[in-house]
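Asker: Sending over my_file-v4.cif (mmCIF, N, CA and C atoms and all ligand atoms).
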data_structure
loop_
_atom_site.label_atom_id
_atom_site.label_comp_id
_atom_site.auth_asym_id
_atom_site.auth_seq_id
_atom_site.Cartn_x
_atom_site.Cartn_y
_atom_site.Cartn_z
N MET A 336 46.36 -9.27 13.24
CA MET A 336 45.19 -10.14 13.12
C MET A 336 43.99 -9.40 13.70
N PRO A 337 42.86 -9.35 12.98
CA PRO A 337 41.69 -8.60 13.46
C PRO A 337 41.05 -9.26 14.67
N GLU A 338 40.51 -8.42 15.55
CA GLU A 338 39.77 -8.92 16.69
C GLU A 338 38.52 -9.64 16.20
N LEU A 339 38.21 -10.76 16.82
CA LEU A 339 36.99 -11.48 16.46
C LEU A 339 35.92 -11.22 17.51
N ILE A 340 34.69 -11.06 17.07
CA ILE A 340 33.56 -10.92 17.98
C ILE A 340 32.57 -12.02 17.67
N GLU A 341 31.73 -12.34 18.65
CA GLU A 341 30.74 -13.40 18.43
C GLU A 341 29.35 -12.80 18.29
N ILE A 342 28.65 -13.26 17.26
CA ILE A 342 27.26 -12.88 17.03
C ILE A 342 26.48 -14.17 16.84
N LYS A 343 25.18 -14.07 16.66
CA LYS A 343 24.38 -15.24 16.32
C LYS A 343 23.63 -14.97 15.04
N VAL A 344 23.67 -15.95 14.14
CA VAL A 344 22.90 -15.89 12.90
C VAL A 344 21.88 -17.02 12.95
N ASP A 345 20.62 -16.65 13.04
CA ASP A 345 19.53 -17.63 13.17
C ASP A 345 19.80 -18.61 14.31
N GLY A 346 20.35 -18.06 15.40
CA GLY A 346 20.58 -18.84 16.61
C GLY A 346 21.91 -19.56 16.68
N THR A 347 22.66 -19.55 15.59
CA THR A 347 23.96 -20.23 15.56
C THR A 347 25.08 -19.24 15.85
N PRO A 348 25.93 -19.52 16.84
CA PRO A 348 27.05 -18.62 17.12
C PRO A 348 28.04 -18.57 15.94
N VAL A 349 28.44 -17.36 15.60
CA VAL A 349 29.39 -17.15 14.50
C VAL A 349 30.41 -16.13 14.97
N ARG A 350 31.69 -16.40 14.72
CA ARG A 350 32.75 -15.43 15.06
C ARG A 350 33.16 -14.72 13.78
N VAL A 351 33.15 -13.40 13.84
CA VAL A 351 33.47 -12.58 12.67
C VAL A 351 34.45 -11.49 13.08
N PRO A 352 35.19 -10.93 12.13
CA PRO A 352 36.09 -9.82 12.47
C PRO A 352 35.29 -8.60 12.93
N ALA A 353 35.79 -7.91 13.95
CA ALA A 353 35.16 -6.66 14.37
C ALA A 353 35.13 -5.71 13.18
N GLY A 354 34.02 -5.04 12.99
CA GLY A 354 33.88 -4.11 11.88
C GLY A 354 33.27 -4.74 10.64
N ALA A 355 32.98 -6.05 10.67
CA ALA A 355 32.35 -6.69 9.52
C ALA A 355 30.90 -6.25 9.41
N SER A 356 30.41 -6.16 8.18
CA SER A 356 29.00 -5.84 8.01
C SER A 356 28.16 -7.07 8.35
N VAL A 357 26.92 -6.83 8.71
CA VAL A 357 26.01 -7.93 9.00
C VAL A 357 25.85 -8.81 7.76
N ALA A 358 25.75 -8.20 6.58
CA ALA A 358 25.61 -8.99 5.35
C ALA A 358 26.79 -9.93 5.15
N SER A 359 28.00 -9.42 5.34
CA SER A 359 29.17 -10.28 5.14
C SER A 359 29.23 -11.37 6.20
N ALA A 360 28.80 -11.06 7.42
CA ALA A 360 28.80 -12.06 8.48
C ALA A 360 27.82 -13.18 8.16
N ILE A 361 26.65 -12.81 7.65
CA ILE A 361 25.65 -13.83 7.29
C ILE A 361 26.19 -14.72 6.18
N LEU A 362 26.76 -14.11 5.16
CA LEU A 362 27.31 -14.88 4.05
C LEU A 362 28.45 -15.78 4.54
N ASP A 363 29.27 -15.26 5.44
CA ASP A 363 30.38 -16.03 5.99
C ASP A 363 29.88 -17.24 6.79
N SER A 364 28.66 -17.12 7.33
CA SER A 364 28.10 -18.24 8.11
C SER A 364 27.57 -19.34 7.20
N GLY A 365 27.55 -19.07 5.88
CA GLY A 365 27.08 -20.07 4.93
C GLY A 365 25.65 -19.86 4.47
N THR A 366 25.02 -18.81 4.96
CA THR A 366 23.64 -18.50 4.55
C THR A 366 23.67 -17.50 3.40
N VAL A 367 23.05 -17.81 2.28
CA VAL A 367 23.03 -16.88 1.15
C VAL A 367 21.67 -16.22 0.98
N THR A 368 20.64 -16.82 1.54
CA THR A 368 19.31 -16.21 1.48
C THR A 368 19.11 -15.35 2.72
N LEU A 369 18.95 -14.04 2.51
CA LEU A 369 18.83 -13.12 3.63
C LEU A 369 17.38 -12.95 4.07
N ARG A 370 16.46 -13.14 3.15
CA ARG A 370 15.04 -13.03 3.46
C ARG A 370 14.27 -13.65 2.31
N HIS A 371 12.93 -13.67 2.44
CA HIS A 371 12.08 -14.12 1.35
C HIS A 371 11.11 -13.00 0.98
N SER A 372 10.84 -12.86 -0.30
CA SER A 372 9.89 -11.83 -0.74
C SER A 372 8.48 -12.23 -0.33
N VAL A 373 7.52 -11.33 -0.53
CA VAL A 373 6.14 -11.63 -0.16
C VAL A 373 5.60 -12.81 -0.96
N SER A 374 6.18 -13.08 -2.14
CA SER A 374 5.75 -14.24 -2.93
C SER A 374 6.57 -15.48 -2.63
N GLY A 375 7.50 -15.38 -1.66
CA GLY A 375 8.26 -16.54 -1.23
C GLY A 375 9.58 -16.76 -1.93
N GLU A 376 9.97 -15.82 -2.78
CA GLU A 376 11.24 -15.96 -3.50
C GLU A 376 12.41 -15.63 -2.57
N PRO A 377 13.49 -16.43 -2.62
CA PRO A 377 14.67 -16.11 -1.81
C PRO A 377 15.34 -14.84 -2.32
N ARG A 378 15.78 -14.00 -1.40
CA ARG A 378 16.42 -12.74 -1.76
C ARG A 378 17.77 -12.65 -1.08
N GLY A 379 18.70 -11.94 -1.72
CA GLY A 379 20.02 -11.75 -1.15
C GLY A 379 20.51 -10.34 -1.43
N ALA A 380 21.69 -10.03 -0.92
CA ALA A 380 22.26 -8.70 -1.13
C ALA A 380 22.53 -8.49 -2.61
N VAL A 381 22.11 -7.34 -3.13
CA VAL A 381 22.29 -7.02 -4.55
C VAL A 381 23.30 -5.88 -4.72
N CYS A 382 23.01 -4.74 -4.11
CA CYS A 382 23.87 -3.58 -4.37
C CYS A 382 25.04 -3.47 -3.39
N GLY A 383 24.83 -3.88 -2.16
CA GLY A 383 25.88 -3.78 -1.16
C GLY A 383 26.19 -2.37 -0.71
N MET A 384 25.30 -1.42 -1.04
CA MET A 384 25.56 -0.03 -0.65
C MET A 384 24.30 0.70 -0.20
N GLY A 385 23.30 -0.04 0.29
CA GLY A 385 22.17 0.60 0.93
C GLY A 385 21.06 1.09 0.04
N VAL A 386 21.08 0.75 -1.24
CA VAL A 386 20.10 1.30 -2.17
C VAL A 386 18.92 0.35 -2.43
N CYS A 387 19.17 -0.93 -2.58
CA CYS A 387 18.13 -1.85 -3.07
C CYS A 387 17.20 -2.39 -1.98
N PHE A 388 17.61 -2.40 -0.75
CA PHE A 388 16.82 -2.91 0.38
C PHE A 388 16.55 -4.42 0.28
N GLU A 389 17.27 -5.14 -0.57
CA GLU A 389 17.06 -6.58 -0.71
C GLU A 389 17.72 -7.37 0.43
N CYS A 390 18.55 -6.74 1.20
CA CYS A 390 19.34 -7.44 2.22
C CYS A 390 18.75 -7.31 3.62
N ARG A 391 17.48 -6.92 3.71
CA ARG A 391 16.89 -6.66 5.02
C ARG A 391 16.80 -7.93 5.87
N VAL A 392 17.18 -7.78 7.14
CA VAL A 392 17.10 -8.87 8.11
C VAL A 392 16.59 -8.27 9.43
N THR A 393 16.37 -9.13 10.40
CA THR A 393 15.99 -8.68 11.73
C THR A 393 17.22 -8.70 12.63
N VAL A 394 17.53 -7.56 13.24
CA VAL A 394 18.69 -7.44 14.12
C VAL A 394 18.23 -7.05 15.52
N ASN A 395 18.53 -7.90 16.48
CA ASN A 395 18.14 -7.66 17.88
C ASN A 395 16.65 -7.33 17.97
N GLY A 396 15.84 -8.04 17.18
CA GLY A 396 14.40 -7.87 17.23
C GLY A 396 13.85 -6.74 16.38
N VAL A 397 14.72 -5.98 15.74
CA VAL A 397 14.28 -4.87 14.89
C VAL A 397 14.22 -5.35 13.45
N PRO A 398 13.02 -5.39 12.84
CA PRO A 398 12.91 -5.90 11.47
C PRO A 398 13.37 -4.88 10.42
N HIS A 399 13.63 -5.39 9.23
CA HIS A 399 13.92 -4.57 8.04
C HIS A 399 15.19 -3.73 8.17
N VAL A 400 16.19 -4.27 8.82
CA VAL A 400 17.49 -3.60 8.93
C VAL A 400 18.31 -3.98 7.69
N ARG A 401 18.87 -2.99 7.02
CA ARG A 401 19.71 -3.27 5.85
C ARG A 401 21.04 -3.85 6.34
N SER A 402 21.24 -5.13 6.05
CA SER A 402 22.42 -5.81 6.59
C SER A 402 23.73 -5.30 5.98
N CYS A 403 23.66 -4.76 4.77
CA CYS A 403 24.90 -4.27 4.14
C CYS A 403 25.36 -2.95 4.75
N MET A 404 24.47 -2.27 5.45
CA MET A 404 24.77 -0.95 6.01
C MET A 404 24.97 -0.99 7.53
N THR A 405 24.93 -2.19 8.10
CA THR A 405 24.98 -2.32 9.55
C THR A 405 26.22 -3.12 9.94
N LEU A 406 26.97 -2.61 10.90
CA LEU A 406 28.17 -3.31 11.36
C LEU A 406 27.83 -4.23 12.52
N CYS A 407 28.50 -5.35 12.57
CA CYS A 407 28.29 -6.32 13.65
C CYS A 407 28.77 -5.75 14.98
N GLU A 408 28.04 -6.08 16.02
CA GLU A 408 28.42 -5.74 17.38
C GLU A 408 28.39 -7.01 18.20
N PRO A 409 29.24 -7.12 19.22
CA PRO A 409 29.27 -8.35 20.03
C PRO A 409 27.89 -8.69 20.58
N GLY A 410 27.51 -9.96 20.45
CA GLY A 410 26.23 -10.44 20.98
C GLY A 410 25.03 -10.17 20.11
N MET A 411 25.26 -9.59 18.95
CA MET A 411 24.14 -9.25 18.06
C MET A 411 23.37 -10.51 17.66
N ASP A 412 22.05 -10.40 17.65
CA ASP A 412 21.17 -11.52 17.27
C ASP A 412 20.56 -11.20 15.91
N ILE A 413 20.97 -11.95 14.88
CA ILE A 413 20.55 -11.68 13.50
C ILE A 413 19.63 -12.80 13.05
N ARG A 414 18.51 -12.43 12.49
CA ARG A 414 17.54 -13.42 12.01
C ARG A 414 17.26 -13.19 10.53
N THR A 415 17.35 -14.27 9.75
CA THR A 415 17.05 -14.18 8.33
C THR A 415 15.70 -14.80 8.01
N LYS A 416 15.08 -15.45 8.97
CA LYS A 416 13.82 -16.15 8.72
C LYS A 416 12.68 -15.47 9.46
S1 LIG A 501 22.38 -5.02 -0.60
FE1 LIG A 501 21.24 -3.37 -1.40
S2 LIG A 501 20.57 -2.28 0.36
FE2 LIG A 501 21.81 -3.87 1.14
#
Now, as a test, write the supplied structure out as structure tokens.
Answerer:
Amino acid sequence: MPELIEIKVDGTPVRVPAGASVASAILDSGTVTLRHSVSGEPRGAVCGMGVCFECRVTVNGVPHVRSCMTLCEPGMDIRTK
């Protein structure tokens, strides 16, 4: 059984398997919109391999982090808004 770690997604505690990507953790929390475009359109992960940049979120206060390319770490604070 994989080790579970706790992170926060938009302030809500979420337990995910160690080694999970931030994108998968966000989706697992029930959030499908990762950010909004400059025109206000909801955006989500498209390629899942670091190319499209549609999955950008704020991680520990750092904006524009590609969630599909970043692994969860205990205590990580992830913001989609
Ligand atoms: S989903 Fe395309 S860069 Fe993350």
Asker: Given a cut-off of 8 Å, what residues near ligand LIG 501 (chain A) show up using only N, CA and C atoms and all ligand atoms, put as a VMD selection string?
Answerer: chain A and resid 358 379 to 391 400 to 405
Asker: Could you check the closest approach to Asp412 (chain A) for each of A:Arg350, A:His399, A:Val357, A:Val394 and tell me which residue wins, using only C-alpha atoms?
Answerer: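 Using only C-alpha atoms, the shortest distance to Asp412 (chain A) belongs to A:Val394.
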Asker: Could you tell me how far CA of Ser374 (chain A) sits from CA of Ile342 (chain A), in Å to one decimal place?
Answerer: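 Computing it gives 29.4 Å between the two atoms.
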Asker: Would you mind reading off the distance between atom N of Ser356 (chain A) and CA of Cys407 (chain A), one decimal, in Å?
Answerer: 5.9 Å
Asker: As a list of chain:residue names, which residues of chain A does DSSP assign to helix (DSSP H, G or I)?
Answerer: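 Written out, the helix (DSSP H, G or I) residues of chain A are A:Val357, A:Ala358, A:Ser359, A:Ala360, A:Ile361, A:Leu362, A:Asp363, A:Ser402, A:Cys403, A:Met404.
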Asker: Tell me which protein, DNA and RNA residues are within 12 Å of Thr366 (chain A), counting only C-alpha atoms, leaving out same-chain ones fewer than 2 positions away, and put them as a VMD selection string.
Answerer: chain A and resid 344 to 345 347 349 357 to 364 368 to 370 377 to 380 413 to 416
Asker: So how far away is atom N of Val392 (chain A) from atom N of Gly375 (chain A), in Å?
Answerer: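 Here the two named atoms are 15.1 Å from each other.
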Asker: Using 3 Å of padding on each side, determine the axis-aligned box around all atoms of region 369-382 of chain A present in the file and give its centre and edge lengths in Å to one decimal, as JSON.
Answerer:
{"center_x": 15.3, "center_y": -10.1, "center_z": -0.3, "size_x": 25.4, "size_y": 19.3, "size_z": 14.8}
Asker: Would you fill the gaps in region 383-394 of chain A so it has all heavy atoms, then print it as a PDB file, keeping the file's coordinate frame?
Answerer:
ATOM      1  N   GLY A 383      24.830  -3.880  -2.160  1.00  0.00           N
ATOM      2  CA  GLY A 383      25.880  -3.780  -1.160  1.00  0.00           C
ATOM      3  C   GLY A 383      26.190  -2.370  -0.710  1.00  0.00           C
ATOM      4  O   GLY A 383      27.205  -2.133  -0.061  1.00  0.00           O
ATOM      5  N   MET A 384      25.300  -1.420  -1.040  1.00  0.00           N
ATOM      6  CA  MET A 384      25.560  -0.030  -0.650  1.00  0.00           C
ATOM      7  C   MET A 384      24.300   0.700  -0.200  1.00  0.00           C
ATOM      8  O   MET A 384      24.221   1.922  -0.284  1.00  0.00           O
ATOM      9  CB  MET A 384      26.233   0.723  -1.785  1.00  0.00           C
ATOM     10  CG  MET A 384      25.467   0.754  -3.053  1.00  0.00           C
ATOM     11  SD  MET A 384      26.468   1.555  -4.323  1.00  0.00           S
ATOM     12  CE  MET A 384      25.216   1.849  -5.563  1.00  0.00           C
ATOM     13  N   GLY A 385      23.300  -0.040   0.290  1.00  0.00           N
ATOM     14  CA  GLY A 385      22.170   0.600   0.930  1.00  0.00           C
ATOM     15  C   GLY A 385      21.060   1.090   0.040  1.00  0.00           C
ATOM     16  O   GLY A 385      20.158   1.784   0.508  1.00  0.00           O
ATOM     17  N   VAL A 386      21.080   0.750  -1.240  1.00  0.00           N
ATOM     18  CA  VAL A 386      20.100   1.300  -2.170  1.00  0.00           C
ATOM     19  C   VAL A 386      18.920   0.350  -2.430  1.00  0.00           C
ATOM     20  O   VAL A 386      17.770   0.783  -2.468  1.00  0.00           O
ATOM     21  CB  VAL A 386      20.778   1.666  -3.515  1.00  0.00           C
ATOM     22  CG1 VAL A 386      19.774   2.145  -4.542  1.00  0.00           C
ATOM     23  CG2 VAL A 386      21.851   2.716  -3.280  1.00  0.00           C
ATOM     24  N   CYS A 387      19.170  -0.930  -2.580  1.00  0.00           N
ATOM     25  CA  CYS A 387      18.130  -1.850  -3.070  1.00  0.00           C
ATOM     26  C   CYS A 387      17.200  -2.390  -1.980  1.00  0.00           C
ATOM     27  O   CYS A 387      16.109  -2.859  -2.282  1.00  0.00           O
ATOM     28  CB  CYS A 387      18.764  -3.001  -3.835  1.00  0.00           C
ATOM     29  SG  CYS A 387      19.641  -4.182  -2.790  1.00  0.00           S
ATOM     30  N   PHE A 388      17.610  -2.400  -0.750  1.00  0.00           N
ATOM     31  CA  PHE A 388      16.820  -2.910   0.380  1.00  0.00           C
ATOM     32  C   PHE A 388      16.550  -4.420   0.280  1.00  0.00           C
ATOM     33  O   PHE A 388      15.665  -4.940   0.934  1.00  0.00           O
ATOM     34  CB  PHE A 388      15.509  -2.149   0.537  1.00  0.00           C
ATOM     35  CG  PHE A 388      15.682  -0.785   1.153  1.00  0.00           C
ATOM     36  CD1 PHE A 388      16.266   0.249   0.446  1.00  0.00           C
ATOM     37  CD2 PHE A 388      15.266  -0.540   2.444  1.00  0.00           C
ATOM     38  CE1 PHE A 388      16.431   1.511   1.008  1.00  0.00           C
ATOM     39  CE2 PHE A 388      15.424   0.719   3.023  1.00  0.00           C
ATOM     40  CZ  PHE A 388      16.008   1.746   2.301  1.00  0.00           C
ATOM     41  N   GLU A 389      17.270  -5.140  -0.570  1.00  0.00           N
ATOM     42  CA  GLU A 389      17.060  -6.580  -0.710  1.00  0.00           C
ATOM     43  C   GLU A 389      17.720  -7.370   0.430  1.00  0.00           C
ATOM     44  O   GLU A 389      17.446  -8.546   0.593  1.00  0.00           O
ATOM     45  CB  GLU A 389      17.620  -7.073  -2.049  1.00  0.00           C
ATOM     46  CG  GLU A 389      16.881  -6.563  -3.253  1.00  0.00           C
ATOM     47  CD  GLU A 389      15.479  -7.139  -3.380  1.00  0.00           C
ATOM     48  OE1 GLU A 389      15.105  -8.030  -2.607  1.00  0.00           O
ATOM     49  OE2 GLU A 389      14.754  -6.678  -4.272  1.00  0.00           O
ATOM     50  N   CYS A 390      18.550  -6.740   1.200  1.00  0.00           N
ATOM     51  CA  CYS A 390      19.340  -7.440   2.220  1.00  0.00           C
ATOM     52  C   CYS A 390      18.750  -7.310   3.620  1.00  0.00           C
ATOM     53  O   CYS A 390      19.429  -7.572   4.596  1.00  0.00           O
ATOM     54  CB  CYS A 390      20.761  -6.909   2.216  1.00  0.00           C
ATOM     55  SG  CYS A 390      20.855  -5.182   2.726  1.00  0.00           S
ATOM     56  N   ARG A 391      17.480  -6.920   3.710  1.00  0.00           N
ATOM     57  CA  ARG A 391      16.890  -6.660   5.020  1.00  0.00           C
ATOM     58  C   ARG A 391      16.800  -7.930   5.870  1.00  0.00           C
ATOM     59  O   ARG A 391      16.414  -8.995   5.372  1.00  0.00           O
ATOM     60  CB  ARG A 391      15.507  -6.053   4.866  1.00  0.00           C
ATOM     61  CG  ARG A 391      15.550  -4.621   4.348  1.00  0.00           C
ATOM     62  CD  ARG A 391      14.177  -4.121   4.007  1.00  0.00           C
ATOM     63  NE  ARG A 391      13.721  -4.778   2.782  1.00  0.00           N
ATOM     64  CZ  ARG A 391      12.438  -4.988   2.491  1.00  0.00           C
ATOM     65  NH1 ARG A 391      11.497  -4.616   3.325  1.00  0.00           N
ATOM     66  NH2 ARG A 391      12.110  -5.579   1.361  1.00  0.00           N
ATOM     67  N   VAL A 392      17.180  -7.780   7.140  1.00  0.00           N
ATOM     68  CA  VAL A 392      17.100  -8.870   8.110  1.00  0.00           C
ATOM     69  C   VAL A 392      16.590  -8.270   9.430  1.00  0.00           C
ATOM     70  O   VAL A 392      16.434  -7.059   9.564  1.00  0.00           O
ATOM     71  CB  VAL A 392      18.467  -9.548   8.327  1.00  0.00           C
ATOM     72  CG1 VAL A 392      18.955 -10.231   7.046  1.00  0.00           C
ATOM     73  CG2 VAL A 392      19.498  -8.547   8.827  1.00  0.00           C
ATOM     74  N   THR A 393      16.370  -9.130  10.400  1.00  0.00           N
ATOM     75  CA  THR A 393      15.990  -8.680  11.730  1.00  0.00           C
ATOM     76  C   THR A 393      17.220  -8.700  12.630  1.00  0.00           C
ATOM     77  O   THR A 393      17.906  -9.719  12.704  1.00  0.00           O
ATOM     78  CB  THR A 393      14.884  -9.585  12.307  1.00  0.00           C
ATOM     79  OG1 THR A 393      13.741  -9.508  11.442  1.00  0.00           O
ATOM     80  CG2 THR A 393      14.496  -9.145  13.710  1.00  0.00           C
ATOM     81  N   VAL A 394      17.530  -7.560  13.240  1.00  0.00           N
ATOM     82  CA  VAL A 394      18.690  -7.440  14.120  1.00  0.00           C
ATOM     83  C   VAL A 394      18.230  -7.050  15.520  1.00  0.00           C
ATOM     84  O   VAL A 394      17.581  -6.014  15.690  1.00  0.00           O
ATOM     85  CB  VAL A 394      19.690  -6.398  13.575  1.00  0.00           C
ATOM     86  CG1 VAL A 394      20.852  -6.214  14.540  1.00  0.00           C
ATOM     87  CG2 VAL A 394      20.198  -6.805  12.198  1.00  0.00           C
TER      88      VAL A 394
END
